[in-house]
>>> print(open('protein.cif').read())   # mmCIF, C-alpha atoms
data_model
loop_
_atom_site.group_PDB
_atom_site.id
_atom_site.type_symbol
_atom_site.label_atom_id
_atom_site.label_comp_id
_atom_site.auth_asym_id
_atom_site.auth_seq_id
_atom_site.Cartn_x
_atom_site.Cartn_y
_atom_site.Cartn_z
ATOM 1 C CA MET A 896 0.000 0.000 0.000
ATOM 2 C CA SER A 897 1.376 3.396 -0.920
ATOM 3 C CA VAL A 898 1.661 6.260 1.521
ATOM 4 C CA ARG A 899 -0.490 9.174 0.435
ATOM 5 C CA GLY A 900 -0.264 12.811 1.423
ATOM 6 C CA ARG A 901 -2.926 15.111 2.767
ATOM 7 C CA SER A 902 -6.204 15.408 0.938
ATOM 8 C CA TYR A 903 -7.457 18.843 -0.019
ATOM 9 C CA ARG A 904 -11.037 20.073 0.193
ATOM 10 C CA TYR A 905 -12.393 22.494 -2.349
ATOM 11 C CA VAL A 906 -11.904 26.006 -0.913
ATOM 12 C CA GLY A 907 -12.971 28.081 -3.911
ATOM 13 C CA PRO A 908 -16.173 29.999 -4.639
ATOM 14 C CA ALA A 909 -19.327 28.164 -3.532
ATOM 15 C CA GLU A 910 -21.112 29.018 -6.789
ATOM 16 C CA LEU A 911 -18.616 26.921 -8.791
ATOM 17 C CA ARG A 912 -19.260 23.897 -6.607
ATOM 18 C CA ALA A 913 -23.029 24.520 -6.802
ATOM 19 C CA ALA A 914 -22.835 24.458 -10.614
ATOM 20 C CA LEU A 915 -21.588 20.841 -10.694
ATOM 21 C CA ARG A 916 -23.694 18.377 -12.653
ATOM 22 C CA PRO A 917 -24.166 14.735 -11.643
ATOM 23 C CA GLY A 918 -21.952 12.378 -13.604
ATOM 24 C CA GLY A 919 -19.430 15.105 -14.373
ATOM 25 C CA GLY A 920 -15.771 14.921 -13.623
ATOM 26 C CA GLY A 921 -12.525 14.498 -15.446
ATOM 27 C CA TYR A 922 -11.576 11.460 -17.483
ATOM 28 C CA PRO A 923 -9.979 8.867 -15.152
ATOM 29 C CA ILE A 924 -6.473 7.696 -16.119
ATOM 30 C CA ALA A 925 -5.486 4.715 -13.960
ATOM 31 C CA SER A 926 -3.281 2.943 -16.520
ATOM 32 C CA ALA A 927 -1.291 3.359 -19.720
ATOM 33 C CA ALA A 928 -4.255 1.848 -21.602
ATOM 34 C CA ASP A 929 -6.585 4.517 -20.163
ATOM 35 C CA PHE A 930 -4.197 7.262 -21.255
ATOM 36 C CA SER A 931 -3.898 5.766 -24.757
ATOM 37 C CA ILE A 932 -7.687 5.805 -25.177
ATOM 38 C CA TRP A 933 -7.963 9.339 -23.824
ATOM 39 C CA VAL A 934 -5.099 10.841 -25.846
ATOM 40 C CA ALA A 935 -6.308 9.203 -29.099
ATOM 41 C CA ALA A 936 -9.565 11.139 -28.763
ATOM 42 C CA ARG A 937 -7.801 14.522 -28.408
ATOM 43 C CA SER A 938 -7.295 16.859 -31.349
ATOM 44 C CA ALA A 939 -3.928 18.408 -32.175
ATOM 45 C CA ALA A 940 -5.320 21.782 -31.024
ATOM 46 C CA GLU A 941 -6.307 20.326 -27.639
ATOM 47 C CA LEU A 942 -2.918 18.670 -27.190
ATOM 48 C CA ALA A 943 -1.180 21.986 -27.858
ATOM 49 C CA GLU A 944 -2.607 23.376 -24.596
ATOM 50 C CA PRO A 945 -2.249 22.247 -20.989
ATOM 51 C CA PHE A 946 -5.058 20.307 -19.331
ATOM 52 C CA THR A 947 -6.705 20.637 -15.949
ATOM 53 C CA PHE A 948 -5.860 17.692 -13.699
ATOM 54 C CA VAL A 949 -6.662 16.348 -10.275
ATOM 55 C CA VAL A 950 -5.435 13.288 -8.429
ATOM 56 C CA GLY A 951 -8.396 11.925 -6.519
ATOM 57 C CA THR A 952 -8.201 10.404 -3.067
ATOM 58 C CA ASP A 953 -8.332 7.058 -4.909
ATOM 59 C CA ALA A 954 -4.909 8.083 -6.378
ATOM 60 C CA VAL A 955 -6.353 8.178 -9.910
ATOM 61 C CA LEU A 956 -5.345 10.976 -12.292
ATOM 62 C CA ARG A 957 -8.322 12.751 -13.878
ATOM 63 C CA LEU A 958 -8.010 15.051 -16.877
ATOM 64 C CA ALA A 959 -10.264 17.757 -18.288
ATOM 65 C CA PRO A 960 -9.895 20.604 -20.797
ATOM 66 C CA ARG A 961 -7.730 23.490 -19.601
ATOM 67 C CA ARG A 962 -10.569 25.902 -18.991
ATOM 68 C CA SER A 963 -12.386 23.415 -16.764
ATOM 69 C CA GLU A 964 -12.711 24.123 -13.079
ATOM 70 C CA HIS A 965 -10.720 21.781 -10.868
ATOM 71 C CA VAL A 966 -13.782 21.171 -8.688
ATOM 72 C CA ALA A 967 -15.668 19.956 -11.788
ATOM 73 C CA CYS A 968 -12.746 17.731 -12.816
ATOM 74 C CA ALA A 969 -12.827 16.202 -9.311
ATOM 75 C CA GLY A 970 -16.613 15.841 -9.318
ATOM 76 C CA GLY A 971 -16.645 18.017 -6.193
ATOM 77 C CA ALA A 972 -14.613 15.497 -4.192
ATOM 78 C CA ASN A 973 -11.454 15.969 -2.136
ATOM 79 C CA VAL A 974 -8.164 15.543 -4.004
ATOM 80 C CA LEU A 975 -4.562 14.625 -3.267
ATOM 81 C CA SER A 976 -3.389 17.293 -5.728
ATOM 82 C CA ALA A 977 -4.630 19.504 -8.554
ATOM 83 C CA GLY A 978 -3.145 21.763 -11.186
ATOM 84 C CA GLU A 979 -2.323 22.079 -14.865
ATOM 85 C CA ILE A 980 -0.437 19.581 -17.016
ATOM 86 C CA HIS A 981 0.928 19.444 -20.558
ATOM 87 C CA PHE A 982 1.920 16.337 -22.494
ATOM 88 C CA THR A 983 4.347 15.864 -25.349
ATOM 89 C CA ARG A 984 5.303 12.883 -27.451
ATOM 90 C CA GLU A 985 9.013 12.025 -27.243
ATOM 91 C CA THR A 986 10.683 9.076 -28.953
ATOM 92 C CA GLY A 987 7.427 7.180 -29.286
ATOM 93 C CA ARG A 988 6.310 7.781 -25.685
ATOM 94 C CA TRP A 989 4.014 10.304 -24.042
ATOM 95 C CA THR A 990 5.659 12.384 -21.348
ATOM 96 C CA VAL A 991 4.723 15.265 -19.093
ATOM 97 C CA ASP A 992 6.799 18.303 -19.989
ATOM 98 C CA ASP A 993 5.028 20.847 -17.802
ATOM 99 C CA VAL A 994 3.041 20.314 -14.594
ATOM 100 C CA SER A 995 2.051 22.677 -11.795
ATOM 101 C CA ASN A 996 -0.047 22.672 -8.648
ATOM 102 C CA HIS A 997 -1.837 25.802 -9.850
ATOM 103 C CA SER A 998 -5.391 25.298 -8.644
ATOM 104 C CA THR A 999 -6.950 28.216 -6.817
ATOM 105 C CA GLY A 1000 -9.970 26.047 -6.027
ATOM 106 C CA TYR A 1001 -7.992 23.464 -4.023
ATOM 107 C CA CYS A 1002 -4.744 25.372 -3.353
ATOM 108 C CA PRO A 1003 -2.650 22.207 -2.921
ATOM 109 C CA ASP A 1004 0.732 22.479 -1.275
ATOM 110 C CA VAL A 1005 3.877 21.766 -3.288
ATOM 111 C CA SER A 1006 4.315 18.740 -1.014
ATOM 112 C CA SER A 1007 1.519 17.053 -3.011
ATOM 113 C CA TRP A 1008 4.034 16.178 -5.773
ATOM 114 C CA PRO A 1009 4.599 12.533 -4.683
ATOM 115 C CA ASP A 1010 0.892 11.805 -5.219
ATOM 116 C CA VAL A 1011 1.069 13.316 -8.705
ATOM 117 C CA ALA A 1012 4.236 11.329 -9.468
ATOM 118 C CA ARG A 1013 2.578 8.046 -8.393
ATOM 119 C CA ALA A 1014 -0.479 8.768 -10.550
ATOM 120 C CA LEU A 1015 1.690 9.610 -13.585
ATOM 121 C CA ASP A 1016 3.801 6.497 -13.050
ATOM 122 C CA GLY A 1017 0.617 4.427 -12.873
ATOM 123 C CA ALA A 1018 -0.450 5.908 -16.194
ATOM 124 C CA GLY A 1019 2.872 4.935 -17.764
ATOM 125 C CA LEU A 1020 3.849 8.533 -18.476
ATOM 126 C CA GLY A 1021 7.359 9.939 -18.433
ATOM 127 C CA ARG A 1022 7.538 12.817 -15.986
ATOM 128 C CA PRO A 1023 9.799 15.443 -14.436
ATOM 129 C CA SER A 1024 11.189 14.956 -10.929
ATOM 130 C CA GLY A 1025 8.839 17.569 -9.463
ATOM 131 C CA PHE A 1026 6.412 20.318 -10.377
ATOM 132 C CA THR A 1027 7.917 22.354 -13.210
ATOM 133 C CA HIS A 1028 6.119 25.385 -11.780
ATOM 134 C CA GLU A 1029 5.447 25.412 -8.033
ATOM 135 C CA VAL A 1030 2.690 27.624 -6.660
ATOM 136 C CA VAL A 1031 2.825 28.476 -2.953
ATOM 137 C CA PHE A 1032 -0.602 29.166 -1.416
ATOM 138 C CA ARG A 1033 -1.153 30.704 2.020
ATOM 139 C CA ARG A 1034 -4.189 32.073 3.851
ATOM 140 C CA CYS A 1035 -3.664 35.375 5.633
ATOM 141 C CA PRO A 1036 -4.284 35.074 9.373
ATOM 142 C CA GLY A 1037 -5.289 38.761 9.411
ATOM 143 C CA CYS A 1038 -7.845 39.187 6.631
ATOM 144 C CA GLU A 1039 -8.323 35.467 5.818
ATOM 145 C CA GLU A 1040 -7.753 35.984 2.085
ATOM 146 C CA CYS A 1041 -5.980 33.295 0.097
ATOM 147 C CA ASN A 1042 -2.665 34.435 -1.400
ATOM 148 C CA ILE A 1043 -0.228 33.138 -3.971
ATOM 149 C CA VAL A 1044 3.237 33.741 -2.545
ATOM 150 C CA ARG A 1045 5.612 35.113 -5.158
ATOM 151 C CA GLU A 1046 9.393 35.265 -4.911
ATOM 152 C CA GLU A 1047 9.276 33.960 -1.307
ATOM 153 C CA ASP A 1048 7.632 37.206 -0.154
ATOM 154 C CA PHE A 1049 5.343 35.876 2.600
ATOM 155 C CA VAL A 1050 3.276 39.068 2.910
ATOM 156 C CA CYS A 1051 -0.469 39.299 2.243
ATOM 157 C CA VAL A 1052 -1.185 41.261 -0.935
ATOM 158 C CA PHE A 1053 -4.560 42.313 0.488
ATOM 159 C CA CYS A 1054 -3.695 43.671 3.952
ATOM 160 C CA GLY A 1055 0.108 43.526 4.297
ATOM 161 C CA SER A 1056 0.140 41.001 7.172
ATOM 162 C CA ASP A 1057 2.858 38.381 7.401
ATOM 163 C CA LEU A 1058 1.883 34.992 5.991
ATOM 164 C CA PRO A 1059 2.847 31.739 7.700
ATOM 165 C CA GLU A 1060 5.581 29.589 6.209
ATOM 166 C CA ALA A 1061 3.507 26.404 6.591
ATOM 167 C CA TRP A 1062 0.530 25.619 4.327
ATOM 168 C CA ASN A 1063 -2.689 26.806 6.009
ATOM 169 C CA VAL A 1064 -5.273 27.374 3.291
ATOM 170 C CA ASP A 1065 -7.911 25.020 4.725
ATOM 171 C CA PRO A 1066 -7.712 25.654 8.449
ATOM 172 C CA ALA A 1067 -8.613 22.882 10.897
ATOM 173 C CA ASP A 1068 -11.442 24.987 12.296
ATOM 174 C CA GLY A 1069 -13.417 24.416 9.087
ATOM 175 C CA ARG A 1070 -13.389 27.941 7.661
ATOM 176 C CA GLY A 1071 -11.960 26.493 4.408
ATOM 177 C CA THR A 1072 -13.503 28.936 1.969
ATOM 178 C CA HIS A 1073 -12.095 32.148 0.642
ATOM 179 C CA ARG A 1074 -13.660 35.090 -1.035
ATOM 180 C CA ASP A 1075 -13.160 35.108 -4.778
ATOM 181 C CA ARG A 1076 -10.396 37.738 -5.096
ATOM 182 C CA ARG A 1077 -8.146 35.618 -7.255
ATOM 183 C CA SER A 1078 -7.510 34.972 -10.895
ATOM 184 C CA GLY A 1079 -7.319 31.792 -12.922
ATOM 185 C CA PRO A 1080 -9.381 28.619 -13.043
ATOM 186 C CA ALA A 1081 -10.382 26.966 -9.824
#
>>> encode(input="protein.cif", output="structure tokens")
Amino acid sequence: MSVRGRSYRYVGPAELRAALRPGGGGYPIASAADFSIWVAARSAAELAEPFTFVVGTDAVLRLAPRRSEHVACAGGANVLSAGEIHFTRETGRWTVDDVSNHSTGYCPDVSSWPDVARALDGAGLGRPSGFTHEVVFRRCPGCEECNIVREEDFVCVFCGSDLPEAWNVDPADGRGTHRDRRSGPA
């Protein structure tokens, strides 16, 4: 049995979660065969762009078009990680050439990489050794807004308070929602 990291609840705007339709969700990729079926159905234009991804708590990679909300890709469920991913074909094999944890709906910590790596390995995909673009999310203890930390400047862009060094976006007290003052897909 593999050791899995923390799971992340959806912490984005409630209206995006409310818009979910039954039976929705990203395409599950649990094996190389699953990926082969999925990628064969993609157009060249689709493959030129990154895709939205989540790794569910079942450790299965799920993929959706780039402009999809992460909460829709996950079917509203908790995830082990979420972000954006791009695939390329190299020497007869599909590989991941760009992958991030950029999901403002789940705000996963960069420490979620091992779960992504296991899911990609299970899908038979070549991959980098870590996120090619790491996004650091922190909730401000002062104004409670969710921030993306840039250039290791742990200061809230909304109120100027210091941000904690440890991930804290979904606090244990259950306040895990943030007002929608962010950009990008959830």
>>> resolve_selection(input="protein.cif", expression="the PyMOL selection byres ((chain A and resi 928-944) around 10)", output="PyMOL selection string")
chain A and resi 922-927+945-947+956+958+960-961+979-983+989+1015+1018-1020
>>> residues_around(input="protein.cif", residues="segment 1052-1068 of chain A", least_positions_apart="5", cutoff="10 Å", atoms="all atoms listed in the file", output="count of residues only")
27
>>> closest_residue(input="protein.cif", among="A:Ala1014, A:Val974, A:Ala967, A:Val994", to="Ala913 of chain A", atoms="all atoms listed in the file")
A:Ala967
>>> atom_distance(input="protein.cif", atom1="atom CA of Leu915 of chain A", atom2="atom CA of Asp1016 of chain A")
29.3 Å
>>> resolve_selection(input="protein.cif", expression="the PyMOL selection byres ((chain A and resi 995) around 8)", output="compact mmCIF listing (two decimals) with C-alpha atoms, keeping the file's coordinate frame")
# COMPACT_ATOMS: atom_id res chain seq x y z
CA GLY A 978 -3.14 21.76 -11.19
CA GLU A 979 -2.32 22.08 -14.86
CA ILE A 980 -0.44 19.58 -17.02
CA ASP A 993 5.03 20.85 -17.80
CA VAL A 994 3.04 20.31 -14.59
CA ASN A 996 -0.05 22.67 -8.65
CA HIS A 997 -1.84 25.80 -9.85
CA PHE A 1026 6.41 20.32 -10.38
CA THR A 1027 7.92 22.35 -13.21
CA HIS A 1028 6.12 25.38 -11.78
CA GLU A 1029 5.45 25.41 -8.03
CA VAL A 1030 2.69 27.62 -6.66
>>> build_atoms(input="protein.cif", residues="segment 965-982 of chain A", atoms="N, CA, C and O atoms", output="mmCIF file, in the coordinates of the input")
data_model
loop_
_atom_site.group_PDB
_atom_site.id
_atom_site.type_symbol
_atom_site.label_atom_id
_atom_site.label_comp_id
_atom_site.auth_asym_id
_atom_site.auth_seq_id
_atom_site.Cartn_x
_atom_site.Cartn_y
_atom_site.Cartn_z
ATOM 1 N N HIS A 965 -11.257 22.959 -11.541
ATOM 2 C CA HIS A 965 -10.720 21.781 -10.868
ATOM 3 C C HIS A 965 -11.798 21.054 -10.073
ATOM 4 O O HIS A 965 -11.814 19.827 -10.022
ATOM 5 N N VAL A 966 -12.718 21.799 -9.465
ATOM 6 C CA VAL A 966 -13.782 21.171 -8.688
ATOM 7 C C VAL A 966 -14.683 20.331 -9.595
ATOM 8 O O VAL A 966 -15.173 19.272 -9.183
ATOM 9 N N ALA A 967 -14.879 20.753 -10.830
ATOM 10 C CA ALA A 967 -15.668 19.956 -11.788
ATOM 11 C C ALA A 967 -14.888 18.713 -12.195
ATOM 12 O O ALA A 967 -15.447 17.614 -12.280
ATOM 13 N N CYS A 968 -13.593 18.867 -12.443
ATOM 14 C CA CYS A 968 -12.746 17.731 -12.816
ATOM 15 C C CYS A 968 -12.765 16.674 -11.712
ATOM 16 O O CYS A 968 -12.775 15.471 -11.984
ATOM 17 N N ALA A 969 -12.816 17.110 -10.459
ATOM 18 C CA ALA A 969 -12.827 16.202 -9.311
ATOM 19 C C ALA A 969 -14.232 15.729 -8.954
ATOM 20 O O ALA A 969 -14.394 14.948 -8.015
ATOM 21 N N GLY A 970 -15.247 16.199 -9.664
ATOM 22 C CA GLY A 970 -16.613 15.841 -9.318
ATOM 23 C C GLY A 970 -17.008 16.351 -7.938
ATOM 24 O O GLY A 970 -17.870 15.790 -7.279
ATOM 25 N N GLY A 971 -16.352 17.413 -7.484
ATOM 26 C CA GLY A 971 -16.645 18.017 -6.193
ATOM 27 C C GLY A 971 -15.958 17.350 -5.014
ATOM 28 O O GLY A 971 -16.079 17.804 -3.886
ATOM 29 N N ALA A 972 -15.227 16.278 -5.272
ATOM 30 C CA ALA A 972 -14.613 15.497 -4.192
ATOM 31 C C ALA A 972 -13.282 16.104 -3.733
ATOM 32 O O ALA A 972 -12.706 16.961 -4.405
ATOM 33 N N ASN A 973 -12.796 15.617 -2.601
ATOM 34 C CA ASN A 973 -11.454 15.969 -2.136
ATOM 35 C C ASN A 973 -10.431 15.387 -3.102
ATOM 36 O O ASN A 973 -10.708 14.403 -3.801
ATOM 37 N N VAL A 974 -9.247 15.988 -3.115
ATOM 38 C CA VAL A 974 -8.164 15.543 -4.004
ATOM 39 C C VAL A 974 -6.858 15.427 -3.231
ATOM 40 O O VAL A 974 -6.706 16.003 -2.158
ATOM 41 N N LEU A 975 -5.927 14.684 -3.811
ATOM 42 C CA LEU A 975 -4.562 14.625 -3.267
ATOM 43 C C LEU A 975 -3.696 15.710 -3.873
ATOM 44 O O LEU A 975 -2.705 16.121 -3.290
ATOM 45 N N SER A 976 -4.067 16.179 -5.072
ATOM 46 C CA SER A 976 -3.389 17.293 -5.728
ATOM 47 C C SER A 976 -4.259 17.764 -6.882
ATOM 48 O O SER A 976 -5.211 17.080 -7.286
ATOM 49 N N ALA A 977 -3.914 18.927 -7.415
ATOM 50 C CA ALA A 977 -4.630 19.504 -8.554
ATOM 51 C C ALA A 977 -3.713 20.516 -9.210
ATOM 52 O O ALA A 977 -2.807 21.051 -8.577
ATOM 53 N N GLY A 978 -3.953 20.771 -10.489
ATOM 54 C CA GLY A 978 -3.145 21.763 -11.186
ATOM 55 C C GLY A 978 -3.357 21.708 -12.678
ATOM 56 O O GLY A 978 -4.421 21.319 -13.162
ATOM 57 N N GLU A 979 -2.313 22.094 -13.405
ATOM 58 C CA GLU A 979 -2.323 22.079 -14.865
ATOM 59 C C GLU A 979 -1.182 21.211 -15.351
ATOM 60 O O GLU A 979 -0.114 21.159 -14.724
ATOM 61 N N ILE A 980 -1.410 20.546 -16.502
ATOM 62 C CA ILE A 980 -0.437 19.581 -17.016
ATOM 63 C C ILE A 980 -0.417 19.641 -18.539
ATOM 64 O O ILE A 980 -1.451 19.859 -19.172
ATOM 65 N N HIS A 981 0.768 19.467 -19.100
ATOM 66 C CA HIS A 981 0.928 19.444 -20.558
ATOM 67 C C HIS A 981 1.719 18.204 -20.948
ATOM 68 O O HIS A 981 2.702 17.849 -20.285
ATOM 69 N N PHE A 982 1.285 17.560 -22.014
ATOM 70 C CA PHE A 982 1.920 16.337 -22.494
ATOM 71 C C PHE A 982 2.605 16.574 -23.826
ATOM 72 O O PHE A 982 2.171 17.400 -24.623
#
